[in-house]
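Colleague: Below: one structure in structure tokens.
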Amino acid sequence: MKDYGHQPVLVEETLAYLQASRPGLYLDCTVGLGGHALEILKRNPGAKIIGLDLDELSLKEAARRLADYSSRIQLFQADFRNILELSEFIPLAELKGVLIDLGISSFQLDNPERGFSFNLEGPLDMRMDTRQKTTAEKILLTYPESRLAEIFKKYGELRHTRLLAKKIASSRKLGLLKTTTDLKKLVEEVYRWVPQKNRLHPAARVFQALRIEVNQELKGLDVFLEQLAKESPPETRLVVISFHSLEDRLVKRAFQRLSSSDEGQPVVKILTRKPATPTLEEIAANSRSHSAKLRAVERLL
Ligand SMILES: C[S@@+](CC[C@H](N)C(=O)[O-])C[C@H]1O[C@@H](n2cnc3c(N)ncnc32)[C@H](O)[C@@H]1O
């Protein structure tokens, strides 16, 4: 059977910060294809894992890859931000470590049907959870121009976003915005794209912004981290891997608030004053790891 090319990032660093050799329960909030989970289960026979993901297809693939360890892993299709509602399935008081590896996997990115990649022709979908109604196409076809411009500015950190939004509005009227390639071509026109070495394609940022909006990726991330840290027992390790500055900023600030003694006892101790990042060897072996940043904290007594 085909094995998909998703390589988990910062594996050694993740396992070290999680102290994943301790026996007990680990929560993988974004189990994806189970890359990190597999390493924990393989190396630590005393580890049990609960894995969550929004994406049904990824969970099926994770179940297949983790089949040898099925007695020690449970998988659920769920949004990790609903952690408190999931307490029926997740005994938070037993946790040893929690991993949150944000964003999407290569399995999702490389499937044209999912519409995540501007390099692959496909529908403008971009949903992690396909039960959800809002797709990228719906956003592009229905949002007012001003809101589109705002999203591209805020989540894509792009310039000329009003012009981009205007062009989208005129293309959609003509029914010319149906596929990832339609959007990519439109972006290339607006930004007068000429391929250059070491220059990021502007569609990368446009697609990032849309993906964040479709999946509401930044919404509630900080609240979730605070709830999780407070509900976890002492010595639980929380590890978060993020892939762009907007996410990393939210994580950094949430950890700062939790570690501060401004409002009483600090809840956590920060283990990474500076985020851990991939080595040059890892980046050479897996270019998608290049922007990864790992931050970790430990729940205090
Ligand atoms: C970078 S991948 C994780 C890869 C995984 N660590 C591995 O090694 O295979 C991120 C995963 O998180 C999932 N995801 C993103 N936001 C989520 C959320 N709020 N709740 C649950 N899963 C989420 C995505 O569907 C994706 O499968």
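Labels for the structure tokens follow display order: chains A, B, ..., residues from 1 in each chain, ligands from 1.
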How would you report the residues lying within 6 Å of ligand 1, as a PyMOL selection string, if you count only C-alpha atoms and all ligand atoms?

Modeller: chain A and resi 8+29-36+52-55+58+78-81+101-105+128

Colleague: What are the DSSP helix (DSSP H, G or I) residues of segment 63-94 of chain A, as a list in words?

Modeller: Ala63, Arg64, Arg65, Ala67, Asp68, Tyr69, Ser70, Ser71, Arg72, Phe80, Arg81, Asn82, Ile83, Leu84, Glu85, Leu86, Leu92, Ala93 and Glu94 of chain A

Colleague: Just checking: using only C-alpha atoms, which residue out of A:Val239, A:Val9, A:Val98, A:Leu186 ends up closest to Lys166 of chain A?

Modeller: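 Of the candidates, the smallest distance to Lys166 of chain A is held by A:Leu186.
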
Colleague: Write out as a PyMOL selection string the set of residues from segment 9-128 of chain A that DSSP, computed on the backbone, places in strand (DSSP E).

Modeller: chain A and resi 24-28+47-53+73-77+95-101

Colleague: Quick one: residues within 12 Å of Ala63 of chain A, only C-alpha atoms, excluding same-chain residues fewer than 3 positions away - as a CSV table (one decimal) with N, CA, C and O atoms, in the first residue's frame?

Modeller:
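For reference, around_24.csv as written:
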```csv
chain,number,residue,atom,x,y,z
A,31,VAL,N,-2.9,14.5,15.4
A,31,VAL,CA,-2.1,13.2,15.1
A,31,VAL,C,-1.7,13.1,13.7
A,31,VAL,O,-0.7,12.4,13.3
A,32,GLY,N,-2.5,13.7,12.7
A,32,GLY,CA,-2.1,13.7,11.3
A,32,GLY,C,-2.0,12.3,10.8
A,32,GLY,O,-2.9,11.4,10.9
A,33,LEU,N,-0.8,12.0,10.3
A,33,LEU,CA,-0.5,10.6,9.8
A,33,LEU,C,0.1,9.8,10.9
A,33,LEU,O,0.6,8.7,10.7
A,34,GLY,N,0.2,10.3,12.1
A,34,GLY,CA,0.7,9.6,13.2
A,34,GLY,C,2.3,9.5,13.3
A,34,GLY,O,2.8,8.6,13.9
A,35,GLY,N,2.9,10.4,12.6
A,35,GLY,CA,4.4,10.3,12.6
A,35,GLY,C,5.0,10.5,14.0
A,35,GLY,O,5.8,9.6,14.4
A,37,ALA,N,3.4,10.2,16.9
A,37,ALA,CA,2.8,9.2,17.7
A,37,ALA,C,3.5,7.8,17.5
A,37,ALA,O,3.8,7.1,18.5
A,38,LEU,N,3.8,7.5,16.3
A,38,LEU,CA,4.5,6.2,16.0
A,38,LEU,C,5.9,6.2,16.7
A,38,LEU,O,6.2,5.2,17.3
A,50,ILE,N,-3.7,9.2,23.1
A,50,ILE,CA,-5.0,9.6,22.5
A,50,ILE,C,-4.7,10.6,21.4
A,50,ILE,O,-4.0,11.6,21.6
A,51,GLY,N,-5.1,10.3,20.2
A,51,GLY,CA,-4.8,11.1,19.0
A,51,GLY,C,-6.1,11.8,18.5
A,51,GLY,O,-7.1,11.1,18.3
A,52,LEU,N,-6.0,13.1,18.2
A,52,LEU,CA,-7.1,13.8,17.7
A,52,LEU,C,-6.7,14.4,16.3
A,52,LEU,O,-5.6,14.7,16.1
A,53,ASP,N,-7.7,14.5,15.5
A,53,ASP,CA,-7.5,15.3,14.2
A,53,ASP,C,-8.9,15.6,13.7
A,53,ASP,O,-9.9,14.9,13.9
A,56,GLU,N,-10.7,13.4,8.6
A,56,GLU,CA,-11.1,12.0,8.7
A,56,GLU,C,-10.2,11.1,7.9
A,56,GLU,O,-9.8,10.0,8.3
A,57,LEU,N,-9.8,11.6,6.7
A,57,LEU,CA,-8.9,10.8,5.8
A,57,LEU,C,-7.5,10.6,6.5
A,57,LEU,O,-6.9,9.5,6.4
A,58,SER,N,-7.0,11.6,7.2
A,58,SER,CA,-5.7,11.5,7.9
A,58,SER,C,-5.8,10.5,9.0
A,58,SER,O,-4.9,9.7,9.2
A,59,LEU,N,-7.0,10.5,9.7
A,59,LEU,CA,-7.2,9.6,10.8
A,59,LEU,C,-7.2,8.1,10.3
A,59,LEU,O,-6.6,7.2,10.9
A,60,LYS,N,-7.8,7.9,9.1
A,60,LYS,CA,-7.8,6.6,8.6
A,60,LYS,C,-6.4,6.1,8.3
A,60,LYS,O,-6.0,5.0,8.5
A,66,LEU,N,-0.5,3.0,12.4
A,66,LEU,CA,-0.3,2.7,13.8
A,66,LEU,C,-0.9,1.3,14.2
A,66,LEU,O,-1.0,1.0,15.4
A,67,ALA,N,-1.3,0.5,13.2
A,67,ALA,CA,-2.1,-0.7,13.4
A,67,ALA,C,-1.3,-1.6,14.4
A,67,ALA,O,-2.0,-2.3,15.3
A,68,ASP,N,0.0,-1.7,14.4
A,68,ASP,CA,0.7,-2.6,15.2
A,68,ASP,C,0.6,-2.2,16.7
A,68,ASP,O,1.0,-2.9,17.6
A,69,TYR,N,0.2,-0.9,16.9
A,69,TYR,CA,0.1,-0.4,18.3
A,69,TYR,C,-1.3,-0.1,18.7
A,69,TYR,O,-1.6,0.7,19.6
A,70,SER,N,-2.3,-0.8,18.0
A,70,SER,CA,-3.7,-0.4,18.2
A,70,SER,C,-4.2,-0.5,19.6
A,70,SER,O,-5.1,0.2,20.0
A,71,SER,N,-3.5,-1.4,20.4
A,71,SER,CA,-4.0,-1.5,21.8
A,71,SER,C,-3.6,-0.3,22.7
A,71,SER,O,-4.0,-0.2,23.8
A,72,ARG,N,-2.6,0.5,22.2
A,72,ARG,CA,-2.1,1.6,23.0
A,72,ARG,C,-2.5,3.0,22.4
A,72,ARG,O,-2.0,4.0,22.8
A,73,ILE,N,-3.3,3.0,21.3
A,73,ILE,CA,-3.7,4.3,20.8
A,73,ILE,C,-5.2,4.3,20.5
A,73,ILE,O,-5.8,3.3,20.0
A,74,GLN,N,-5.8,5.4,20.8
A,74,GLN,CA,-7.2,5.7,20.5
A,74,GLN,C,-7.2,6.9,19.6
A,74,GLN,O,-6.6,7.9,19.9
A,75,LEU,N,-8.0,6.9,18.5
A,75,LEU,CA,-8.1,8.0,17.6
A,75,LEU,C,-9.5,8.6,17.6
A,75,LEU,O,-10.5,7.8,17.6
A,76,PHE,N,-9.6,9.9,17.6
A,76,PHE,CA,-10.9,10.5,17.5
A,76,PHE,C,-10.9,11.7,16.5
A,76,PHE,O,-9.9,12.5,16.5
A,77,GLN,N,-12.0,11.8,15.7
A,77,GLN,CA,-12.1,13.0,14.9
A,77,GLN,C,-12.7,14.1,15.7
A,77,GLN,O,-13.8,14.1,16.1
```
